[in-house]
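Undergrad: Just dropping this structure here.
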Amino acid sequence: MLVAIIAILGAAIFVMSWTGDDDDVAADSTTSMPASSTTNTSSTSTTTSTTTTTIPVDCTVPGDDANDEASDTTTTEAADPADGDADLPADDEEIVVPTLGPSSSITTVGLDTVNFGMTVKQAETAAGTSMIPCAPVSSCYRVTPTDAPDGISFVVHQGTIERVDITEGPITTRSGVGIGTAEDRIIELFGNQIERAINDDSSVDLIFVPQDEDDAEFRVIFTIRDGVVETFRSGRTPLVLEKSACTET
């Protein structure tokens, strides 16, 4: 009997010892990550740099930026001509076609259909396109046509267009003189109708003086640098003679 009791007590002690070992294993398996691993883990932050884009255009449309963005992002699907419900121009609706293009030419009195002495509204009608102010409207400011070759700006003085400047692009005079034309070619074409003036920046102005009395108050001026036309302009005196048209007015 005593032997049996001793055997039972021994078995109980063995079971309790085995269970304790399991608890130790379980405790080891749930041990958290070392503190050093936690402190070495950091979140990655992405820095987005702001890129400023410089748009090489001086003239901007005045108005609400939000409205401008909305108009820029809205696309209109063209109507299918075969669709009987397609919107077609009314018989009495005038279709405006822009007139200023690569073949437009400068004269002593204007550019193509836009003549000096026109109001901005009249010029827009003549050119078939809007004129964008390059600066706040004042007694003297510039406008540029939206639907036309690059490099064209008109000077508005006291409410009327009095000058046009060409700084790039395909526009030429009726004689074919434009950006890049050689100085010698201008002298060959116009001879003694050319007056010469040296500017402060060492460029040279070749000033075409009309012989027609009706054009006596107008000039076409070619600014020469390195032997070729860098820019040219046409307009009414004295405004056309100024290097910067609106500086003194």
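Naming scheme: A, B, ... for chains in displayed order of the structure tokens; residues 1 onward per chain; ligands 1 onward as shown.
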Would you list the contacts of Ser175 in chain A as a list in words, taking every protein, DNA or RNA residue within 9 Å and counting only C-alpha atoms, but skipping same-chain residues closer than 2 positions in sequence?

TA: Ser105, Thr172, Thr173, Val177 and Leu189 of chain A

Undergrad: With N, CA and C atoms retained, export the selected residues as a PDB file, in the first residue's frame.

TA:
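That gives us out34.pdb:
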ATOM      1  N   SER A 105       1.214  89.748 -94.235  1.00  0.00           N
ATOM      2  CA  SER A 105       2.377  90.610 -94.449  1.00  0.00           C
ATOM      3  C   SER A 105       2.196  91.978 -93.783  1.00  0.00           C
ATOM      4  N   THR A 172       6.367  88.517 -92.772  1.00  0.00           N
ATOM      5  CA  THR A 172       7.322  89.358 -93.506  1.00  0.00           C
ATOM      6  C   THR A 172       6.616  90.592 -94.045  1.00  0.00           C
ATOM      7  N   THR A 173       7.380  91.477 -94.667  1.00  0.00           N
ATOM      8  CA  THR A 173       6.789  92.578 -95.425  1.00  0.00           C
ATOM      9  C   THR A 173       6.323  92.032 -96.775  1.00  0.00           C
ATOM     10  N   VAL A 177      10.745  90.707 -96.609  1.00  0.00           N
ATOM     11  CA  VAL A 177      11.729  90.951 -95.561  1.00  0.00           C
ATOM     12  C   VAL A 177      11.140  90.514 -94.224  1.00  0.00           C
ATOM     13  N   LEU A 189      16.732  96.364-101.763  1.00  0.00           N
ATOM     14  CA  LEU A 189      15.308  96.530-102.087  1.00  0.00           C
ATOM     15  C   LEU A 189      14.852  97.981-102.034  1.00  0.00           C
TER      16      LEU A 189
END

Undergrad: Just want the 7 Å neighbourhood of range 200-203 of chain A, counted on only C-alpha atoms, with same-chain residues fewer than 4 positions away dropped. Output as number ranges by chain.

TA: A: 223-225

Undergrad: From range 87-237 of chain A, collect each residue whose DSSP state is helix (DSSP H, G or I) and return the set as a list of chain:residue names.

TA: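 Checking each residue of range 87-237 of chain A, the helix (DSSP H, G or I) ones are A:Val120, A:Lys121, A:Gln122, A:Ala123, A:Glu124, A:Thr125, A:Ala126, A:Ala127, A:Glu183, A:Asp184, A:Arg185, A:Ile186, A:Ile187, A:Glu188, A:Leu189, A:Phe190, A:Gly191, A:Asn192, A:Gln193, A:Glu213, A:Asp214, A:Asp215.
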
Undergrad: Residues at most 12 Å from Arg185 in chain A, counting only C-alpha atoms, excluding those fewer than 6 positions away in the same chain, as an MDAnalysis selection string?

TA: chainID A and resid 175:178 191 194 206 222 224 227:229

Undergrad: In Å, rounded to a single decimal, give me how far CA of Val155 in chain A is from CA of Phe116 in chain A.

TA: 9.6 Å

Undergrad: Could you state the separation of CA of Phe190 in chain A and CA of Ser244 in chain A in Å, given to one decimal place?

TA: 25.1 Å

Undergrad: At what distance in Å, to one decimal, does CA of Asp214 in chain A lie from CA of Met131 in chain A?

TA: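 These atoms are spaced 27.7 Å apart.
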
Undergrad: Just list the residues in range 95-145 of chain A DSSP gives strand (DSSP E) on the backbone, as number ranges by chain.

TA: A: 105-107, 110-111, 114-115, 131-133, 140-145

Undergrad: Just the selected residues (C-alpha atoms), exported as a PDB file, in the first residue's frame, please.

TA:
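Saved file selection-v8.pdb follows:
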ATOM      1  CA  SER A 105       2.377  90.610 -94.449  1.00  0.00           C
ATOM      2  CA  ILE A 106       3.408  93.898 -92.858  1.00  0.00           C
ATOM      3  CA  THR A 107       2.819  97.191 -94.660  1.00  0.00           C
ATOM      4  CA  GLY A 110      -0.734  97.653 -90.603  1.00  0.00           C
ATOM      5  CA  LEU A 111      -0.587  93.864 -90.606  1.00  0.00           C
ATOM      6  CA  VAL A 114      -5.537  94.985 -89.105  1.00  0.00           C
ATOM      7  CA  ASN A 115      -4.822  98.638 -89.846  1.00  0.00           C
ATOM      8  CA  MET A 131      -6.699  90.235 -78.793  1.00  0.00           C
ATOM      9  CA  ILE A 132      -5.181  89.398 -75.405  1.00  0.00           C
ATOM     10  CA  PRO A 133      -3.827  92.294 -73.295  1.00  0.00           C
ATOM     11  CA  CYS A 140      -0.550 102.535 -73.751  1.00  0.00           C
ATOM     12  CA  TYR A 141      -0.341  98.729 -73.704  1.00  0.00           C
ATOM     13  CA  ARG A 142       0.184  95.722 -75.938  1.00  0.00           C
ATOM     14  CA  VAL A 143      -2.192  93.069 -77.210  1.00  0.00           C
ATOM     15  CA  THR A 144      -1.465  89.855 -79.065  1.00  0.00           C
ATOM     16  CA  PRO A 145      -3.840  87.872 -81.318  1.00  0.00           C
TER      17      PRO A 145
END

Undergrad: For Thr167 in chain A, work out the shell of residues within 10 Å, counting only C-alpha atoms and skipping chain neighbours fewer than 5 positions away, then give it as JSON, numbers by chain.

TA: {"A": [150, 151, 152, 153, 178, 179, 229, 230, 231, 232, 233]}

Undergrad: Kindly indicate which residue among A:Ala245, A:Ile166, A:Ala127, A:Ile207 lies nearest to Asp147 in chain A, using only C-alpha atoms for the distances.

TA: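 For Asp147 in chain A, the nearest of the candidates is A:Ala127.
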
Undergrad: Env of Val209 in chain A: 8 Å cut, atoms = only C-alpha atoms, seq-sep filter 4 positions within chain, self excluded. Answer as a list in words.

TA: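 Listed by chain and then number, they are Gln193, Ile194, Glu195, Ala216, Phe218, Arg219 and Val220 of chain A.
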
Undergrad: Find, counting only C-alpha atoms, the residue in A:Ala123, A:Leu239, A:Val156, A:Val97 that gets nearest to Val137 in chain A.

TA: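 Checking each of A:Ala123, A:Leu239, A:Val156, A:Val97 against Val137 in chain A, counting only C-alpha atoms, the winner is A:Val156.
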